[in-house]
file input15.json (JSON, C-alpha atoms)
[["chain", "number", "residue", "atom", "x", "y", "z"],
["A", 18, "MET", "CA", 0.76, 8.05, 1.35],
["A", 19, "GLY", "CA", -2.98, 8.54, 1.33],
["A", 20, "ALA", "CA", -4.35, 11.76, 2.72],
["A", 21, "ASP", "CA", -7.60, 13.69, 2.86],
["A", 22, "ARG", "CA", -6.47, 16.59, 0.67],
["A", 23, "GLN", "CA", -3.60, 18.27, -1.10],
["A", 24, "PRO", "CA", -1.26, 20.14, -1.09],
["A", 25, "VAL", "CA", -1.32, 20.11, 2.74],
["A", 26, "ALA", "CA", -3.09, 17.17, 4.38],
["A", 27, "LYS", "CA", -5.08, 17.51, 7.56],
["A", 28, "GLU", "CA", -5.41, 13.77, 8.02],
["A", 29, "LEU", "CA", -3.25, 10.86, 6.89],
["A", 30, "LEU", "CA", -5.44, 7.93, 5.82],
["A", 31, "PHE", "CA", -2.74, 5.31, 5.16],
["A", 32, "LEU", "CA", 0.94, 4.83, 4.42],
["A", 33, "GLY", "CA", 2.00, 2.25, 1.89],
["A", 34, "SER", "CA", 4.78, 0.63, -0.04],
["A", 35, "VAL", "CA", 4.94, -0.87, -3.52],
["A", 36, "LYS", "CA", 7.32, -3.81, -4.06],
["A", 37, "TRP", "CA", 7.02, -4.95, -7.66],
["A", 38, "LEU", "CA", 9.96, -7.35, -7.60],
["A", 39, "GLU", "CA", 9.96, -10.30, -9.97],
["A", 40, "ASN", "CA", 10.80, -12.99, -7.41],
["A", 41, "SER", "CA", 10.41, -11.49, -3.93],
["A", 42, "ALA", "CA", 7.41, -10.93, -1.70],
["A", 43, "PHE", "CA", 6.86, -7.96, 0.60],
["A", 44, "ASP", "CA", 8.65, -9.22, 3.73],
["A", 45, "ARG", "CA", 9.49, -8.26, 7.30],
["A", 46, "HIS", "CA", 12.40, -6.10, 6.12],
["A", 47, "ASP", "CA", 10.03, -4.09, 3.92],
["A", 48, "LEU", "CA", 7.60, -3.82, 6.83],
["A", 49, "ALA", "CA", 10.39, -2.59, 9.13],
["A", 50, "ALA", "CA", 11.27, 0.13, 6.61],
["A", 51, "LEU", "CA", 7.61, 1.14, 6.33],
["A", 52, "LEU", "CA", 7.28, 1.32, 10.12],
["A", 53, "LYS", "CA", 10.41, 3.50, 10.25],
["A", 54, "HIS", "CA", 8.96, 5.87, 7.65],
["A", 55, "ARG", "CA", 5.66, 6.08, 9.53],
["A", 56, "ALA", "CA", 7.49, 6.92, 12.77],
["A", 57, "ALA", "CA", 9.33, 9.73, 10.97],
["A", 58, "ILE", "CA", 6.05, 11.17, 9.65],
["A", 59, "THR", "CA", 3.61, 10.77, 12.55],
["A", 60, "ASP", "CA", 3.04, 9.33, 16.02],
["A", 61, "GLU", "CA", -0.48, 8.29, 14.98],
["A", 62, "PRO", "CA", -1.26, 4.62, 14.22],
["A", 63, "VAL", "CA", -1.83, 5.27, 10.51],
["A", 64, "PRO", "CA", -2.78, 2.01, 8.71],
["A", 65, "LEU", "CA", -0.06, 0.35, 6.65],
["A", 66, "VAL", "CA", -0.71, -1.01, 3.16],
["A", 67, "ALA", "CA", 1.46, -3.05, 0.77],
["A", 68, "VAL", "CA", 1.20, -3.57, -2.97],
["A", 69, "SER", "CA", 3.30, -6.51, -4.11],
["A", 70, "ARG", "CA", 3.70, -8.46, -7.30],
["A", 71, "ASN", "CA", 4.57, -11.63, -5.36],
["A", 72, "GLY", "CA", 2.48, -11.50, -2.22],
["A", 73, "VAL", "CA", 3.27, -10.72, 1.40],
["A", 74, "SER", "CA", 5.25, -12.94, 3.77],
["A", 75, "CYS", "CA", 4.71, -11.05, 7.03],
["A", 76, "SER", "CA", 1.90, -9.81, 9.22],
["A", 77, "GLY", "CA", 1.30, -6.29, 10.50],
["A", 78, "LEU", "CA", -0.41, -4.69, 7.50],
["A", 79, "GLU", "CA", -3.93, -3.33, 7.35],
["A", 80, "ALA", "CA", -4.23, -4.43, 3.72],
["A", 81, "ALA", "CA", -2.21, -6.01, 0.92],
["A", 82, "TYR", "CA", -2.91, -5.92, -2.81],
["A", 83, "GLY", "CA", -1.49, -7.84, -5.73],
["A", 84, "PRO", "CA", -1.75, -7.68, -9.52],
["A", 85, "LYS", "CA", -5.29, -9.12, -9.64],
["A", 86, "GLU", "CA", -6.67, -6.58, -7.15],
["A", 87, "LEU", "CA", -5.04, -3.69, -9.03],
["A", 88, "LEU", "CA", -6.46, -4.80, -12.37],
["A", 89, "ASP", "CA", -9.91, -5.47, -10.90],
["A", 90, "ALA", "CA", -9.98, -1.97, -9.39],
["A", 91, "TRP", "CA", -9.39, -0.36, -12.80],
["A", 92, "ARG", "CA", -11.77, -2.49, -14.86],
["A", 93, "VAL", "CA", -14.85, -0.64, -15.99],
["A", 94, "PRO", "CA", -18.05, -2.67, -16.33],
["A", 95, "ARG", "CA", -19.15, -2.80, -19.96],
["A", 96, "SER", "CA", -22.69, -1.80, -20.78],
["A", 97, "ARG", "CA", -24.59, -4.12, -23.11]]
call {"tool": "encode", "arguments": {"input": "input15.json", "output": "structure tokens"}}
result
Amino acid sequence: MGADRQPVAKELLFLGSVKWLENSAFDRHDLAALLKHRAAITDEPVPLVAVSRNGVSCSGLEAAYGPKELLDAWRVPRSR
């Protein structure tokens, strides 16, 4: 869950799920579970995000990230 502050959020920015399975992609069953969790938390259309080792095989997400995107986000440019 991404929010604007802690410990008590005023605004939810996104709700996500991490599926780091060796052979399975984030699929419609995972999306259904994420939608169920969102409905339990809020009535707002909070964006849904997936992080998956083996891709995404469904639509309905605002964003999806894999290993390359995670590593690229943490790389620090080296000064010369």
call {"tool": "residues_around", "arguments": {"input": "input15.json", "residues": "region 51-65 of chain A", "least_positions_apart": "3", "cutoff": "9 Å", "atoms": "all atoms listed in the file", "output": "ChimeraX atom specification"}}
result
/A:29-34,46-48,77-81
call {"tool": "closest_residue", "arguments": {"input": "input15.json", "among": "A:Ala20, A:Ala49, A:Val35, A:Val68", "to": "Gly83 (chain A)", "atoms": "all atoms listed in the file"}}
result
A:Val68
call {"tool": "atom_distance", "arguments": {"input": "input15.json", "atom1": "CA of Arg70 (chain A)", "atom2": "CA of Leu88 (chain A)"}}
result
11.9 Å
call {"tool": "atom_distance", "arguments": {"input": "input15.json", "atom1": "CA of Ser69 (chain A)", "atom2": "CA of Glu39 (chain A)"}}
result
9.6 Å
call {"tool": "atom_distance", "arguments": {"input": "input15.json", "atom1": "CA of Ala90 (chain A)", "atom2": "CA of Val66 (chain A)"}}
result
15.6 Å
call {"tool": "build_atoms", "arguments": {"input": "input15.json", "residues": "region 78-91 of chain A", "atoms": "N, CA and C atoms", "output": "PDB file, keeping the file's coordinate frame"}}
result
ATOM      1  N   LEU A  78       0.149  -5.633   8.470  1.00  0.00           N
ATOM      2  CA  LEU A  78      -0.410  -4.690   7.500  1.00  0.00           C
ATOM      3  C   LEU A  78      -1.919  -4.624   7.641  1.00  0.00           C
ATOM      4  N   GLU A  79      -2.476  -3.469   7.383  1.00  0.00           N
ATOM      5  CA  GLU A  79      -3.930  -3.330   7.350  1.00  0.00           C
ATOM      6  C   GLU A  79      -4.512  -3.965   6.101  1.00  0.00           C
ATOM      7  N   ALA A  80      -3.769  -3.859   4.983  1.00  0.00           N
ATOM      8  CA  ALA A  80      -4.230  -4.430   3.720  1.00  0.00           C
ATOM      9  C   ALA A  80      -3.032  -4.723   2.829  1.00  0.00           C
ATOM     10  N   ALA A  81      -3.235  -5.682   1.915  1.00  0.00           N
ATOM     11  CA  ALA A  81      -2.210  -6.010   0.920  1.00  0.00           C
ATOM     12  C   ALA A  81      -2.922  -6.279  -0.407  1.00  0.00           C
ATOM     13  N   TYR A  82      -2.327  -5.793  -1.480  1.00  0.00           N
ATOM     14  CA  TYR A  82      -2.910  -5.920  -2.810  1.00  0.00           C
ATOM     15  C   TYR A  82      -1.877  -6.463  -3.777  1.00  0.00           C
ATOM     16  N   GLY A  83      -2.347  -7.286  -4.700  1.00  0.00           N
ATOM     17  CA  GLY A  83      -1.490  -7.840  -5.730  1.00  0.00           C
ATOM     18  C   GLY A  83      -1.969  -7.441  -7.104  1.00  0.00           C
ATOM     19  N   PRO A  84      -1.394  -8.050  -8.150  1.00  0.00           N
ATOM     20  CA  PRO A  84      -1.750  -7.680  -9.520  1.00  0.00           C
ATOM     21  C   PRO A  84      -3.248  -7.818  -9.808  1.00  0.00           C
ATOM     22  N   LYS A  85      -3.871  -8.904  -9.360  1.00  0.00           N
ATOM     23  CA  LYS A  85      -5.290  -9.120  -9.640  1.00  0.00           C
ATOM     24  C   LYS A  85      -6.146  -8.003  -9.053  1.00  0.00           C
ATOM     25  N   GLU A  86      -5.885  -7.636  -7.797  1.00  0.00           N
ATOM     26  CA  GLU A  86      -6.670  -6.580  -7.150  1.00  0.00           C
ATOM     27  C   GLU A  86      -6.487  -5.240  -7.852  1.00  0.00           C
ATOM     28  N   LEU A  87      -5.276  -4.956  -8.313  1.00  0.00           N
ATOM     29  CA  LEU A  87      -5.040  -3.690  -9.030  1.00  0.00           C
ATOM     30  C   LEU A  87      -5.802  -3.665 -10.354  1.00  0.00           C
ATOM     31  N   LEU A  88      -5.743  -4.754 -11.099  1.00  0.00           N
ATOM     32  CA  LEU A  88      -6.460  -4.800 -12.370  1.00  0.00           C
ATOM     33  C   LEU A  88      -7.970  -4.748 -12.164  1.00  0.00           C
ATOM     34  N   ASP A  89      -8.467  -5.482 -11.180  1.00  0.00           N
ATOM     35  CA  ASP A  89      -9.910  -5.470 -10.900  1.00  0.00           C
ATOM     36  C   ASP A  89     -10.394  -4.069 -10.528  1.00  0.00           C
ATOM     37  N   ALA A  90      -9.582  -3.322  -9.817  1.00  0.00           N
ATOM     38  CA  ALA A  90      -9.980  -1.970  -9.390  1.00  0.00           C
ATOM     39  C   ALA A  90     -10.110  -1.016 -10.576  1.00  0.00           C
ATOM     40  N   TRP A  91      -9.381  -1.256 -11.645  1.00  0.00           N
ATOM     41  CA  TRP A  91      -9.390  -0.360 -12.800  1.00  0.00           C
ATOM     42  C   TRP A  91     -10.299  -0.815 -13.919  1.00  0.00           C
TER      43      TRP A  91
END
